[in-house]
file structure39.txt (compact mmCIF, C-alpha atoms)
# COMPACT_ATOMS: atom_id res chain seq x y z
CA MET A 101 12.47 17.21 -23.06
CA GLU A 102 9.90 14.71 -21.92
CA ILE A 103 7.25 15.04 -19.21
CA VAL A 104 7.37 11.85 -17.15
CA ASN A 105 4.88 12.63 -14.37
CA ILE A 106 2.23 15.14 -13.42
CA VAL A 107 0.63 15.31 -9.99
CA ALA A 108 -2.68 17.17 -9.67
CA THR A 109 -5.50 17.48 -7.13
CA VAL A 110 -9.15 17.36 -8.11
CA THR A 111 -11.49 18.94 -5.56
CA LEU A 112 -15.01 17.52 -5.45
CA ASN A 113 -18.20 19.27 -4.38
CA ARG A 114 -18.49 17.21 -1.19
CA PRO A 115 -16.50 15.12 1.32
CA LEU A 116 -16.11 11.36 0.79
CA ASP A 117 -16.94 8.48 3.11
CA LEU A 118 -13.88 6.36 2.37
CA ALA A 119 -15.20 3.15 3.95
CA ALA A 120 -18.38 3.35 1.86
CA LEU A 121 -16.39 4.26 -1.26
CA HIS A 122 -14.11 1.27 -0.66
CA GLU A 123 -17.17 -1.00 -0.72
CA LEU A 124 -18.47 0.62 -3.94
CA LEU A 125 -15.17 0.81 -5.82
CA PRO A 126 -13.82 -2.58 -6.97
CA GLY A 127 -10.03 -2.79 -6.76
CA SER A 128 -9.68 -0.01 -4.21
CA LYS A 129 -7.49 -0.58 -1.15
CA MET A 130 -7.60 0.86 2.35
CA PRO A 131 -3.96 0.92 3.52
CA LYS A 132 -4.87 0.37 7.21
CA THR A 133 -7.60 1.12 9.71
CA GLY A 134 -8.13 4.83 10.16
CA SER A 135 -6.13 5.69 7.07
CA PRO A 136 -6.79 9.19 5.70
CA TRP A 137 -6.97 7.96 2.10
CA LEU A 138 -8.28 5.20 -0.14
CA GLN A 139 -5.95 3.87 -2.81
CA TYR A 140 -7.15 3.24 -6.35
CA ARG A 141 -5.47 2.41 -9.67
CA LEU A 142 -7.11 3.65 -12.84
CA ALA A 143 -6.86 1.00 -15.57
CA PRO A 144 -5.50 0.47 -18.13
CA GLU A 145 -2.85 3.17 -17.60
CA ASN A 146 -2.37 2.28 -13.93
CA TYR A 147 -2.58 5.91 -12.77
CA TYR A 148 -2.43 6.17 -8.99
CA VAL A 149 -5.56 7.89 -7.63
CA PRO A 150 -5.80 8.27 -3.84
CA PHE A 151 -9.12 9.57 -2.51
CA TYR A 152 -9.31 11.70 0.67
CA ARG A 153 -12.11 12.30 3.16
CA SER A 154 -11.98 16.01 2.36
CA GLY A 155 -13.52 15.32 -1.03
CA LYS A 156 -10.29 15.52 -2.99
CA PHE A 157 -8.38 13.03 -5.04
CA LEU A 158 -4.95 13.08 -6.60
CA VAL A 159 -4.12 12.06 -10.13
CA ASN A 160 -0.56 10.85 -10.40
CA GLY A 161 1.30 9.38 -13.36
CA LEU A 162 0.10 11.53 -16.24
CA ARG A 163 2.57 12.46 -18.98
CA SER A 164 0.61 15.32 -20.50
CA VAL A 165 -1.25 18.29 -19.03
CA ASP A 166 -3.82 17.84 -21.81
CA SER A 167 -4.74 14.41 -20.40
CA LEU A 168 -5.54 15.80 -16.93
CA LEU A 169 -9.14 16.85 -17.56
CA PRO A 170 -10.13 13.64 -19.42
CA VAL A 171 -8.62 11.48 -16.66
CA ALA A 172 -10.33 13.53 -13.93
CA ASP A 173 -13.62 13.18 -15.83
CA ARG A 174 -13.11 9.39 -16.05
CA VAL A 175 -12.59 9.15 -12.29
CA ILE A 176 -15.69 11.27 -11.63
CA SER A 177 -17.68 9.06 -14.03
CA ILE A 178 -16.52 5.98 -12.07
CA LEU A 179 -17.64 7.62 -8.82
CA ASN A 180 -21.00 8.59 -10.35
CA ALA A 181 -21.48 5.04 -11.68
CA ALA A 182 -20.78 3.75 -8.15
CA GLY A 183 -23.71 5.85 -6.91
CA LEU A 184 -21.96 9.00 -5.73
CA ASP A 185 -23.29 12.26 -7.09
CA VAL A 186 -20.08 14.30 -7.32
CA THR A 187 -18.66 16.97 -9.60
CA ALA A 188 -15.26 18.65 -9.78
CA THR A 189 -15.06 22.18 -8.42
CA ALA A 190 -11.32 22.71 -9.01
CA ILE A 191 -8.28 21.04 -10.55
CA THR A 192 -4.82 22.10 -9.43
CA VAL A 193 -1.47 20.95 -10.86
CA HIS A 194 1.06 20.59 -8.03
CA ASN A 195 4.11 19.20 -9.77
CA ILE A 196 5.39 18.41 -13.23
CA VAL A 197 8.45 16.18 -13.57
CA ALA A 198 10.39 16.41 -16.81
CA VAL A 199 13.62 14.81 -18.03
CA ASP A 200 16.10 16.10 -20.53
CA SER A 201 19.76 15.64 -21.34
CA LEU A 202 22.68 17.99 -21.75
CA GLU A 203 23.89 15.34 -24.26
CA THR A 204 27.39 15.23 -22.84
CA PRO A 205 28.95 14.04 -19.59
CA VAL A 206 29.18 16.79 -16.98
CA PRO A 207 31.92 17.33 -14.37
CA VAL A 208 29.33 17.67 -11.62
CA GLU A 209 31.76 18.48 -8.83
CA ARG A 210 33.31 21.32 -10.86
CA VAL A 211 29.85 22.68 -11.74
CA PHE A 212 28.83 22.45 -8.08
CA GLU A 213 31.85 24.46 -6.88
CA ALA A 214 31.32 27.11 -9.57
CA LEU A 215 27.61 27.43 -8.75
CA LEU A 216 28.37 27.91 -5.06
CA ALA A 217 30.88 30.62 -5.97
CA MET A 218 28.13 32.27 -8.04
CA GLY A 219 25.78 32.25 -5.03
CA GLU A 220 23.40 29.60 -6.38
CA ARG A 221 21.48 27.24 -4.10
CA ALA A 222 23.21 23.96 -4.90
CA GLU A 223 23.82 20.69 -3.09
CA TYR A 224 26.09 17.82 -4.03
CA GLU A 225 26.76 14.93 -1.68
CA PRO A 226 27.66 11.97 -3.90
CA GLU A 227 27.79 9.61 -0.91
CA GLN A 228 24.07 10.20 -0.39
CA PHE A 229 22.79 11.01 -3.90
CA PRO A 230 24.69 10.81 -7.20
CA GLY A 231 23.35 14.04 -8.66
CA LEU A 232 23.79 17.76 -8.24
CA ILE A 233 20.67 19.47 -6.87
CA VAL A 234 20.07 23.10 -7.81
CA LYS A 235 17.02 25.08 -6.67
CA ARG A 236 16.01 28.18 -8.59
CA GLY A 237 12.86 29.83 -9.86
CA GLY A 238 10.48 27.50 -8.03
CA ALA A 239 12.03 24.41 -9.59
CA SER A 240 14.59 21.85 -8.52
CA PHE A 241 17.08 20.58 -11.07
CA LEU A 242 18.85 17.26 -10.65
CA LEU A 243 21.95 17.01 -12.83
CA PHE A 244 23.81 13.73 -13.13
CA PRO A 245 27.37 13.10 -14.36
CA THR A 246 25.97 11.45 -17.50
CA GLY A 247 24.36 14.76 -18.47
CA LYS A 248 20.85 13.57 -17.63
CA LEU A 249 18.70 16.36 -16.20
CA VAL A 250 15.50 16.03 -14.16
CA VAL A 251 13.33 19.07 -13.45
CA VAL A 252 10.71 18.97 -10.69
CA GLY A 253 8.43 21.47 -9.02
CA LEU A 254 7.00 23.42 -11.95
CA LYS A 255 3.23 23.72 -12.27
CA LYS A 256 2.78 24.75 -15.91
CA SER A 257 4.10 22.90 -18.93
CA GLY A 258 4.99 26.22 -20.57
CA GLU A 259 7.51 26.89 -17.81
CA ILE A 260 9.59 23.77 -18.48
CA LEU A 261 11.51 24.65 -21.64
CA PRO A 262 12.46 28.18 -20.50
CA ALA A 263 13.60 26.78 -17.14
CA ILE A 264 15.71 24.10 -18.85
CA GLU A 265 17.24 26.67 -21.20
CA ALA A 266 18.10 28.95 -18.26
CA PHE A 267 19.62 25.99 -16.41
CA ARG A 268 21.67 24.98 -19.47
CA ASN A 269 23.01 28.53 -19.64
CA LEU A 270 23.79 28.45 -15.94
CA VAL A 271 25.74 25.20 -16.29
CA ALA A 272 27.55 26.49 -19.39
CA GLY A 273 28.55 29.59 -17.43
CA ALA A 274 29.83 27.41 -14.60
CA LEU A 275 32.13 25.37 -16.84
call {"tool": "encode", "arguments": {"input": "structure39.txt", "output": "structure tokens"}}
result
Amino acid sequence: MEIVNIVATVTLNRPLDLAALHELLPGSKMPKTGSPWLQYRLAPENYYVPFYRSGKFLVNGLRSVDSLLPVADRVISILNAAGLDVTATAITVHNIVAVDSLETPVPVERVFEALLAMGERAEYEPEQFPGLIVKRGGASFLLFPTGKLVVVGLKKSGEILPAIEAFRNLVAGAL
């Protein structure tokens, strides 16, 4: 299993003036006039960090929950160096994306039919998307015919391995 993306929100102690922040923050981009966010890329990792008027910013692109606090602190340091006196009041993980493999090709259509018969929430429309989508336990699982598995929607890294194991058992029971 490998975590490939984490999306988290950092809430600051005050709202942000995005036009002023754009002037203070080299490399930032305003998508268009009246936009509700300011785009920023944190170098050298190229993490996507959009800032919002509400005083929040997202951190997107992390591969480890342990890196969240240091990256948030770096962004706050950049804001402080630009002349804004801000601190974080909360950090919330919204989504962790992980990939894994069942290590064998999977007859997705057969698994899909069996899961429906078992009452699982499953979708498979190969004309629109080549993978089986199964929703359970707050997560969405994308299973591809190659055996590749993508898990999205979990908020704690400790939930990933148990969820994958439960999904593996579910698929094994469907075959």
call {"tool": "residues_around", "arguments": {"input": "structure39.txt", "residues": "range 270-275 of chain A", "least_positions_apart": "6", "cutoff": "8 Å", "atoms": "all atoms listed in the file", "output": "PyMOL selection string"}}
result
chain A and resi 210-211+214-215
call {"tool": "residues_around", "arguments": {"input": "structure39.txt", "residues": "range 175-180 of chain A", "least_positions_apart": "6", "cutoff": "8 Å", "atoms": "only C-alpha atoms", "output": "count of residues only"}}
result
5
call {"tool": "atom_distance", "arguments": {"input": "structure39.txt", "atom1": "CA of Glu259 in chain A", "atom2": "CA of Ser240 in chain A"}}
result
12.7 Å
call {"tool": "closest_residue", "arguments": {"input": "structure39.txt", "among": "A:Ala190, A:Ala239, A:Val159, A:Val234", "to": "Thr111 in chain A", "atoms": "all atoms listed in the file"}}
result
A:Ala190
call {"tool": "atom_distance", "arguments": {"input": "structure39.txt", "atom1": "CA of Val208 in chain A", "atom2": "CA of Pro230 in chain A"}}
result
9.4 Å
call {"tool": "closest_residue", "arguments": {"input": "structure39.txt", "among": "A:Phe267, A:Val171, A:Gly237, A:Glu123", "to": "Asn146 in chain A", "atoms": "only C-alpha atoms"}}
result
A:Val171
call {"tool": "atom_distance", "arguments": {"input": "structure39.txt", "atom1": "CA of Ile191 in chain A", "atom2": "CA of Gly258 in chain A"}}
result
17.4 Å
call {"tool": "closest_residue", "arguments": {"input": "structure39.txt", "among": "A:Val252, A:Val149, A:Ala266, A:Leu116", "to": "Lys129 in chain A", "atoms": "only C-alpha atoms"}}
result
A:Val149
call {"tool": "residues_near_point", "arguments": {"input": "structure39.txt", "point": "(-16.0, 16.9, -1.9)", "cutoff": "10 Å", "atoms": "only C-alpha atoms", "output": "PyMOL selection string"}}
result
chain A and resi 110-117+152-157+186-189
call {"tool": "write_last_selection", "arguments": {"input": "structure39.txt", "atoms": "C-alpha atoms", "output": "CSV table (one decimal), in the coordinates of the input"}}
result
chain,number,residue,atom,x,y,z
A,110,VAL,CA,-9.2,17.4,-8.1
A,111,THR,CA,-11.5,18.9,-5.6
A,112,LEU,CA,-15.0,17.5,-5.4
A,113,ASN,CA,-18.2,19.3,-4.4
A,114,ARG,CA,-18.5,17.2,-1.2
A,115,PRO,CA,-16.5,15.1,1.3
A,116,LEU,CA,-16.1,11.4,0.8
A,117,ASP,CA,-16.9,8.5,3.1
A,152,TYR,CA,-9.3,11.7,0.7
A,153,ARG,CA,-12.1,12.3,3.2
A,154,SER,CA,-12.0,16.0,2.4
A,155,GLY,CA,-13.5,15.3,-1.0
A,156,LYS,CA,-10.3,15.5,-3.0
A,157,PHE,CA,-8.4,13.0,-5.0
A,186,VAL,CA,-20.1,14.3,-7.3
A,187,THR,CA,-18.7,17.0,-9.6
A,188,ALA,CA,-15.3,18.6,-9.8
A,189,THR,CA,-15.1,22.2,-8.4
call {"tool": "residues_near_point", "arguments": {"input": "structure39.txt", "point": "(21.2, 28.1, -6.8)", "cutoff": "6 Å", "atoms": "all atoms listed in the file", "output": "list of chain:residue names"}}
result
A:Glu220, A:Arg221, A:Ala222, A:Val234, A:Lys235, A:Arg236
call {"tool": "closest_residue", "arguments": {"input": "structure39.txt", "among": "A:Thr204, A:Glu102, A:Leu118, A:Gly161", "to": "Leu184 in chain A", "atoms": "only C-alpha atoms"}}
result
A:Leu118
call {"tool": "closest_residue", "arguments": {"input": "structure39.txt", "among": "A:Leu202, A:Val104, A:Trp137, A:Phe244", "to": "Arg163 in chain A", "atoms": "all atoms listed in the file"}}
result
A:Val104
call {"tool": "residues_around", "arguments": {"input": "structure39.txt", "residues": "Leu254 in chain A", "least_positions_apart": "5", "cutoff": "10 Å", "atoms": "all atoms listed in the file", "output": "list in words"}}
result
Ile106, Val193, His194, Asn195, Ile196, Val197, Ala198, Gly237, Gly238, Ala239, Ser240, Glu259, Ile260 and Ala263 of chain A
call {"tool": "write_last_selection", "arguments": {"input": "structure39.txt", "atoms": "C-alpha atoms", "output": "compact mmCIF listing (two decimals), in the coordinates of the input"}}
result
# COMPACT_ATOMS: atom_id res chain seq x y z
CA ILE A 106 2.23 15.14 -13.42
CA VAL A 193 -1.47 20.95 -10.86
CA HIS A 194 1.06 20.59 -8.03
CA ASN A 195 4.11 19.20 -9.77
CA ILE A 196 5.39 18.41 -13.23
CA VAL A 197 8.45 16.18 -13.57
CA ALA A 198 10.39 16.41 -16.81
CA GLY A 237 12.86 29.83 -9.86
CA GLY A 238 10.48 27.50 -8.03
CA ALA A 239 12.03 24.41 -9.59
CA SER A 240 14.59 21.85 -8.52
CA GLU A 259 7.51 26.89 -17.81
CA ILE A 260 9.59 23.77 -18.48
CA ALA A 263 13.60 26.78 -17.14
call {"tool": "axis_aligned_box", "arguments": {"input": "structure39.txt", "around": "range 189-197 of chain A", "padding_each_side": "4 Å", "output": "lines of an AutoDock Vina configuration file"}}
result
center_x = -3.3
center_y = 19.4
center_z = -10.8
size_x = 31.5
size_y = 14.5
size_z = 13.5
call {"tool": "decode", "arguments": {"input": "structure39.txt", "residues": "range 129-261 of chain A", "atoms": "C-alpha atoms", "output": "tab-separated table (two decimals), in the first residue's frame"}}
result
chain	number	residue	atom	x	y	z
A	129	LYS	CA	-1.86	33.24	-9.30
A	130	MET	CA	-5.37	34.67	-9.21
A	131	PRO	CA	-7.41	32.45	-11.56
A	132	LYS	CA	-9.76	35.30	-12.62
A	133	THR	CA	-11.33	38.47	-11.29
A	134	GLY	CA	-13.52	37.82	-8.28
A	135	SER	CA	-12.12	34.33	-7.77
A	136	PRO	CA	-12.72	32.89	-4.30
A	137	TRP	CA	-9.15	31.56	-4.03
A	138	LEU	CA	-5.53	32.36	-4.72
A	139	GLN	CA	-3.39	29.61	-6.22
A	140	TYR	CA	0.11	28.89	-4.94
A	141	ARG	CA	2.67	26.13	-5.49
A	142	LEU	CA	5.01	25.29	-2.63
A	143	ALA	CA	8.50	24.58	-3.97
A	144	PRO	CA	10.41	22.37	-4.34
A	145	GLU	CA	7.76	19.65	-3.92
A	146	ASN	CA	5.19	21.53	-6.01
A	147	TYR	CA	2.39	21.04	-3.45
A	148	TYR	CA	-0.78	22.81	-4.51
A	149	VAL	CA	-1.85	25.36	-1.86
A	150	PRO	CA	-4.97	27.41	-2.60
A	151	PHE	CA	-5.74	30.23	-0.16
A	152	TYR	CA	-9.33	31.30	0.60
A	153	ARG	CA	-10.79	34.58	1.86
A	154	SER	CA	-12.18	32.76	4.89
A	155	GLY	CA	-8.67	32.40	6.27
A	156	LYS	CA	-8.19	28.80	5.22
A	157	PHE	CA	-5.80	27.11	2.88
A	158	LEU	CA	-5.62	23.61	1.48
A	159	VAL	CA	-2.53	21.46	1.32
A	160	ASN	CA	-2.72	18.99	-1.52
A	161	GLY	CA	-0.16	16.50	-2.78
A	162	LEU	CA	1.33	15.15	0.44
A	163	ARG	CA	2.27	11.48	0.62
A	164	SER	CA	2.52	11.19	4.39
A	165	VAL	CA	0.32	12.36	7.25
A	166	ASP	CA	3.53	13.04	9.21
A	167	SER	CA	4.52	15.69	6.65
A	168	LEU	CA	1.27	17.65	7.09
A	169	LEU	CA	2.28	19.75	10.12
A	170	PRO	CA	5.76	20.65	8.78
A	171	VAL	CA	4.28	21.70	5.41
A	172	ALA	CA	1.54	23.75	7.10
A	173	ASP	CA	4.21	25.41	9.26
A	174	ARG	CA	6.25	26.23	6.12
A	175	VAL	CA	3.26	27.89	4.49
A	176	ILE	CA	2.52	29.90	7.65
A	177	SER	CA	6.20	30.94	7.80
A	178	ILE	CA	5.95	32.16	4.19
A	179	LEU	CA	2.83	34.17	5.07
A	180	ASN	CA	4.53	35.62	8.16
A	181	ALA	CA	7.62	36.53	6.11
A	182	ALA	CA	5.31	38.31	3.64
A	183	GLY	CA	4.08	40.49	6.51
A	184	LEU	CA	0.94	38.66	7.58
A	185	ASP	CA	0.66	37.83	11.26
A	186	VAL	CA	-1.20	34.51	11.10
A	187	THR	CA	-1.25	31.27	13.06
A	188	ALA	CA	-3.01	27.95	12.51
A	189	THR	CA	-6.04	27.28	14.69
A	190	ALA	CA	-6.97	23.89	13.18
A	191	ILE	CA	-5.76	21.31	10.68
A	192	THR	CA	-8.24	18.85	9.21
A	193	VAL	CA	-7.50	15.92	6.90
A	194	HIS	CA	-10.29	15.57	4.33
A	195	ASN	CA	-9.08	12.79	2.09
A	196	ILE	CA	-6.31	10.25	1.83
A	197	VAL	CA	-5.75	8.48	-1.49
A	198	ALA	CA	-3.89	5.19	-1.39
A	199	VAL	CA	-3.04	2.61	-4.04
A	200	ASP	CA	-2.48	-1.09	-3.68
A	201	SER	CA	-2.69	-4.18	-5.82
A	202	LEU	CA	-4.49	-7.48	-5.53
A	203	GLU	CA	-1.44	-8.82	-7.45
A	204	THR	CA	-3.55	-10.73	-9.94
A	205	PRO	CA	-5.95	-9.81	-12.73
A	206	VAL	CA	-9.56	-9.57	-11.56
A	207	PRO	CA	-12.72	-10.50	-13.48
A	208	VAL	CA	-14.31	-7.16	-12.62
A	209	GLU	CA	-17.67	-7.85	-14.22
A	210	ARG	CA	-18.05	-11.12	-12.28
A	211	VAL	CA	-17.05	-9.39	-9.02
A	212	PHE	CA	-19.51	-6.59	-9.76
A	213	GLU	CA	-22.43	-8.99	-10.28
A	214	ALA	CA	-21.57	-10.93	-7.11
A	215	LEU	CA	-21.29	-7.74	-5.05
A	216	LEU	CA	-24.69	-6.55	-6.24
A	217	ALA	CA	-26.16	-9.91	-5.29
A	218	MET	CA	-24.59	-9.45	-1.84
A	219	GLY	CA	-26.26	-6.04	-1.46
A	220	GLU	CA	-23.06	-3.99	-1.76
A	221	ARG	CA	-23.03	-0.47	-3.20
A	222	ALA	CA	-21.16	-1.08	-6.44
A	223	GLU	CA	-21.03	0.55	-9.87
A	224	TYR	CA	-19.42	-0.70	-13.05
A	225	GLU	CA	-19.93	1.03	-16.36
A	226	PRO	CA	-16.86	0.20	-18.46
A	227	GLU	CA	-18.00	2.51	-21.28
A	228	GLN	CA	-17.62	5.45	-18.89
A	229	PHE	CA	-14.91	4.31	-16.47
A	230	PRO	CA	-12.75	1.17	-16.67
A	231	GLY	CA	-12.93	0.29	-12.98
A	232	LEU	CA	-15.38	-1.12	-10.50
A	233	ILE	CA	-16.45	1.42	-7.86
A	234	VAL	CA	-17.47	0.11	-4.45
A	235	LYS	CA	-18.52	2.38	-1.57
A	236	ARG	CA	-18.36	1.06	1.97
A	237	GLY	CA	-17.30	2.25	5.39
A	238	GLY	CA	-16.79	5.87	4.37
A	239	ALA	CA	-14.37	4.93	1.61
A	240	SER	CA	-14.61	4.41	-2.13
A	241	PHE	CA	-12.65	1.58	-3.70
A	242	LEU	CA	-11.73	1.60	-7.37
A	243	LEU	CA	-10.80	-1.86	-8.63
A	244	PHE	CA	-9.36	-2.31	-12.10
A	245	PRO	CA	-9.11	-5.50	-14.19
A	246	THR	CA	-5.33	-5.49	-13.70
A	247	GLY	CA	-5.85	-5.91	-9.96
A	248	LYS	CA	-4.84	-2.34	-9.17
A	249	LEU	CA	-6.82	-0.91	-6.26
A	250	VAL	CA	-7.30	2.77	-5.37
A	251	VAL	CA	-8.84	3.76	-2.03
A	252	VAL	CA	-10.19	7.28	-1.49
A	253	GLY	CA	-12.17	9.04	1.19
A	254	LEU	CA	-10.48	7.92	4.39
A	255	LYS	CA	-9.26	10.57	6.83
A	256	LYS	CA	-6.80	8.63	9.00
A	257	SER	CA	-3.82	6.66	7.78
A	258	GLY	CA	-4.55	3.94	10.34
A	259	GLU	CA	-7.85	3.22	8.59
A	260	ILE	CA	-6.27	2.34	5.23
A	261	LEU	CA	-4.81	-1.12	5.81
